[in-house]
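Q: Below: one structure in structure tokens.
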Amino acid sequence: MKKEQKRYYFDYAATTPVDKRVLKAMKPYFSDNFANPSSIHTPGMDASEAVESSRKIIANYLGATPSEIFFTSSATESNNWALKGIAATAKGDKKKIIISPIEHHCVLNTAKYLKKMGFEIVETPVDKEGIVDVEKLKELVDDKTLLVSIMHSNNEMGTIEPIKEIGKICDDKNVTFHTDAVQSYGKMPLNVNEMNVDLLTASSHKIYGPKGTAILYIRGGTQIEALLHGGGQESDKRSSTLNVPGIVGFRKATEICVKEMKKEWKKQSKLRDKITKYIKEKIPNSHLNGPALGKPRLCNNVNVRFDFIEGESLLMDLDSHGIAVSTSSACSSPKLEASHVLTALGISKGDAHGTIRITIGRFTSEKDVKYFLTTLEKSVTKLRVMSPLNTRNC
């Protein structure tokens with residue numbers, strides 16, 4: 001019988017494995033404490049208590065109050081709700097929504113939908129590292145601006161945005177501010193008050209929790225319409241029977257992340273820098289996309305492009321050696337289109353196609369990284385020899 005190939009996972013920005021400690025916390029709520037938390041009998045009240053305890057833990061991490069945390073099914077739902085829910089409160093000519101060109105597709109496509117509904121969608125520029133131009137954004141925010149939505153950190157490049165400064169601009173001009181913090185949540189301290197954030201999105205499956213559970217933080221007093229209507233759950237703002245096991249898993253995942261945050265940031269930053277330096281020194285004609293070493297970047301992200309080869313070919317070759325990476329955002333990479341994030345940085349579509357995203361996580365070891373780097377170097381060398389894009393072979 002053929003021995004199964006060992007797998008090396010370097011795609012933590014796409015999703016993470018459920019931590020065994022999280023799974024253990026969730027398990028009773030599938031078949032033992034399984035009641036509907038909306039029910040008023042004792043089992044239902046027990047389930048409700050688990051939900052409210054989870055709401056409190058998540059709120060504490062964000063510097064929010066429990067009543068400001070609303071559970072949803074996904075970050076896509078939360079981002080849709082943030083934009084559409086605020087848009088539904090628009091009055092008069094206050095219909096301007098400002099986003100960046102490097103937002104996740106669920107924000108970009110929601111913005112496109114709202115444009116068809118009569119809203120003005122404005123993209124504020126970013127620099128070559130993907131950082132929002134704060135001064136330009138300040139110029140764009142005016143008395144017609146309803147909402148600003150800028151992600152906390154980018155899912156492809158790991159760029160950390162100046163959210164506190166952006167939030168201050170919005171606060172001074174009485175404009176609602178939303179941030180998609182899916183990639184940052186659990187990796188670094190987040191405080192909605194220090195960041196002047198009115199709405200914040202986060203997702204469980206990015207922090208070793210289960211899929212199917214996310215949150216939208218809504219600052220008290222923020223006027224927002226419900227996206228889902230029904231039985232009136234979540235203070236009549238998001239109707240649907242609550243996913244108790246998923247919510248409990250999100251809570252436990254958050255607790256672990258908060259406890260281990262400093263240690264994990266240090267460990268993952270070290271591995272990230274090791275990968276970056278090795279590629280720069282050992283693989284010629286390679287380029288780091290996004291912030292350089294020492295600049296604001298998530299601890300687990302390396303986004304790099306290689307001249308003369310296609311990222312998809314490199315991904316497949318690495319996969320044949322048991323290594324999983326991504327060519328762009330995993331939510332849309334099957335389309336094989338040039339990354340909108342990279343082209344927004346001024347990178348040509350041709351060059352953008354030579355990119356892979358390498359993201360590490362809690363369970364990435366030094367040994368894994370060593371195997372990855374030696375395999376990557378061999379794969380790039382092999383593919384360049386074969387590639388028609390390499391004119392030096394002609």
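Residues are referred to by chain and number: the chain letter is A, B, ... according to the order shown in the structure tokens, the number counts from 1 in that chain, and ligands are numbered separately from 1 in the order shown.
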Using only C-alpha atoms, which protein or nucleic acid residues come within 6 Å of range 316-330 of chain A? Drop anything in the same chain fewer than 4 positions from it, and give the result as a PyMOL selection string.

A: chain A and resi 7-11+14+156+311+355-358

Q: For the helix (DSSP H, G or I) assignment from backbone DSSP, which residues of range 115-358 of chain A qualify? Please present them as a VMD selection string.

A: chain A and resid 115 to 116 134 to 140 163 to 172 204 to 206 233 to 236 244 to 282 311 to 320 333 to 335 340 to 344 349 to 352

Q: Find the residues near Glu310 in chain A: any atom within 9 Å, counting only C-alpha atoms, skip ones fewer than 6 places away on the same chain, and give them as JSON, numbers by chain.

A: {"A": [350, 351, 352, 353, 354, 355, 383, 387, 389]}

Q: Select from range 123-211 of chain A every residue with an atom at most 12 Å from any atom of range 101-115 of chain A, then for each give the shortest pair of atoms and their distance in Å to one decimal, using only C-alpha atoms, rows by chain and rising number, as a tab-separated table.

A:
```
residue	atom	partner	partner_atom	distance
A:Glu123	CA	A:Pro101	CA	5.8
A:Thr124	CA	A:Pro101	CA	7.1
A:Pro125	CA	A:Pro101	CA	7.0
A:Val126	CA	A:Pro101	CA	7.6
A:Asp127	CA	A:Ile102	CA	10.9
A:Lys128	CA	A:Ile102	CA	11.6
A:Glu129	CA	A:Ile102	CA	11.0
A:Gly130	CA	A:Ile102	CA	7.5
A:Ile131	CA	A:Ile102	CA	9.5
A:Val132	CA	A:Pro101	CA	9.5
A:Asp133	CA	A:Pro101	CA	11.8
A:Leu147	CA	A:Ala111	CA	11.0
A:Val148	CA	A:Ala111	CA	11.2
A:Ser149	CA	A:Val107	CA	8.3
A:Ile150	CA	A:Glu103	CA	7.0
A:Met151	CA	A:Glu103	CA	6.3
A:His152	CA	A:Glu103	CA	9.7
A:Ser153	CA	A:Glu103	CA	9.3
A:Asn154	CA	A:Glu103	CA	7.3
A:Asn155	CA	A:His104	CA	7.4
A:Glu156	CA	A:Ile102	CA	9.0
A:Met157	CA	A:Ile102	CA	9.8
A:Gly158	CA	A:Ile102	CA	11.2
A:Thr159	CA	A:Ile102	CA	10.2
A:Ile160	CA	A:Ile102	CA	12.0
A:Glu161	CA	A:Ile102	CA	11.1
A:His178	CA	A:Val107	CA	10.7
A:Thr179	CA	A:Glu103	CA	9.9
A:Asp180	CA	A:Glu103	CA	8.4
A:Ala181	CA	A:His104	CA	10.9
A:Val182	CA	A:His104	CA	10.0
A:Gln183	CA	A:His104	CA	10.8
A:Thr201	CA	A:Val107	CA	11.2
```

Q: With distances taken over only C-alpha atoms, which residue among A:Ala47, A:Leu342, A:Ala64, A:Ile166 lies nearest Ile99 in chain A?

A: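 The shortest atom-to-atom distance to Ile99 in chain A comes from A:Ile166.
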
Q: Which parts of range 172-349 of chain A does DSSP call strand (DSSP E) when run on the backbone here, written out as a VMD selection string?

A: chain A and resid 176 to 180 199 to 203 214 to 218 286 to 288 301 to 306 323 to 324

Q: Now that the selection is made, can you save its residues with C-alpha atoms as a short mmCIF file (atom, residue, chain, number, x, y, z; two decimals), in the first residue's frame?

A:
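Below is the file that was written, result04.cif:
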```
data_model
loop_
_atom_site.label_atom_id
_atom_site.label_comp_id
_atom_site.auth_asym_id
_atom_site.auth_seq_id
_atom_site.Cartn_x
_atom_site.Cartn_y
_atom_site.Cartn_z
CA THR A 176 -19.91 55.98 10.15
CA PHE A 177 -16.73 53.89 9.94
CA HIS A 178 -16.58 50.13 9.26
CA THR A 179 -13.49 47.94 9.22
CA ASP A 180 -13.12 44.35 8.04
CA LEU A 199 -18.66 48.62 12.84
CA LEU A 200 -16.18 45.73 12.82
CA THR A 201 -16.23 42.32 11.13
CA ALA A 202 -14.47 39.19 12.40
CA SER A 203 -14.69 35.48 11.61
CA ALA A 214 -18.73 35.37 12.60
CA ILE A 215 -19.60 38.68 14.22
CA LEU A 216 -20.49 42.22 13.36
CA TYR A 217 -19.65 44.69 16.11
CA ILE A 218 -22.13 47.58 16.02
CA SER A 286 11.73 37.46 -6.87
CA HIS A 287 9.81 40.39 -5.37
CA LEU A 288 8.00 40.87 -2.07
CA ASN A 301 1.97 36.79 5.69
CA VAL A 302 4.49 36.60 2.83
CA ASN A 303 3.20 37.56 -0.62
CA VAL A 304 5.84 37.15 -3.30
CA ARG A 305 6.02 37.14 -7.07
CA PHE A 306 8.54 35.42 -9.31
CA ILE A 323 2.69 21.91 0.05
CA ALA A 324 -0.45 24.08 0.07
#
```

Q: Between range 228-271 of chain A and range 184-196 of chain A, at 7 Å or less, what are the per-residue closest atom pairs and their distances in Å? Count only C-alpha atoms, order by chain and rising residue number, and return it as a Markdown table.

A:
```
| residue | atom | partner | partner_atom | distance |
| --- | --- | --- | --- | --- |
| A:Thr254 | CA | A:Gly186 | CA | 6.3 |
| A:Cys257 | CA | A:Gly186 | CA | 5.1 |
| A:Val258 | CA | A:Gly186 | CA | 6.4 |
| A:Met261 | CA | A:Lys187 | CA | 6.0 |
| A:Trp265 | CA | A:Lys187 | CA | 6.7 |
```

Q: Which residues are close to Thr241 in chain A, i.e. within 8 Å by only C-alpha atoms, leaving aside same-chain residues fewer than 4 positions away? Reply as number ranges by chain.

A: A: 36-38, 233

Q: Counting only C-alpha atoms, what is within 12 Å of range 272-276 of chain A, bar same-chain residues fewer than 4 positions away, as a PyMOL selection string?

A: chain A and resi 10+158+264-268+280-283+286-295+297-305+357-361+364-366+368-374+376-377

Q: Using only C-alpha atoms, which of A:Gly118, A:Gly231, A:Gly221, A:Gly249 sits nearest Ser204 in chain A?

A: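 Between A:Gly118, A:Gly231, A:Gly221, A:Gly249, the residue approaching Ser204 in chain A most closely is A:Gly249.
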
Q: Leaving out Phe30 in chain A and any residue of its chain fewer than 5 positions from it, which residues lie within 12 Å of it when counting only C-alpha atoms, given as a PyMOL selection string?

A: chain A and resi 23-25+35-36+47+243-249
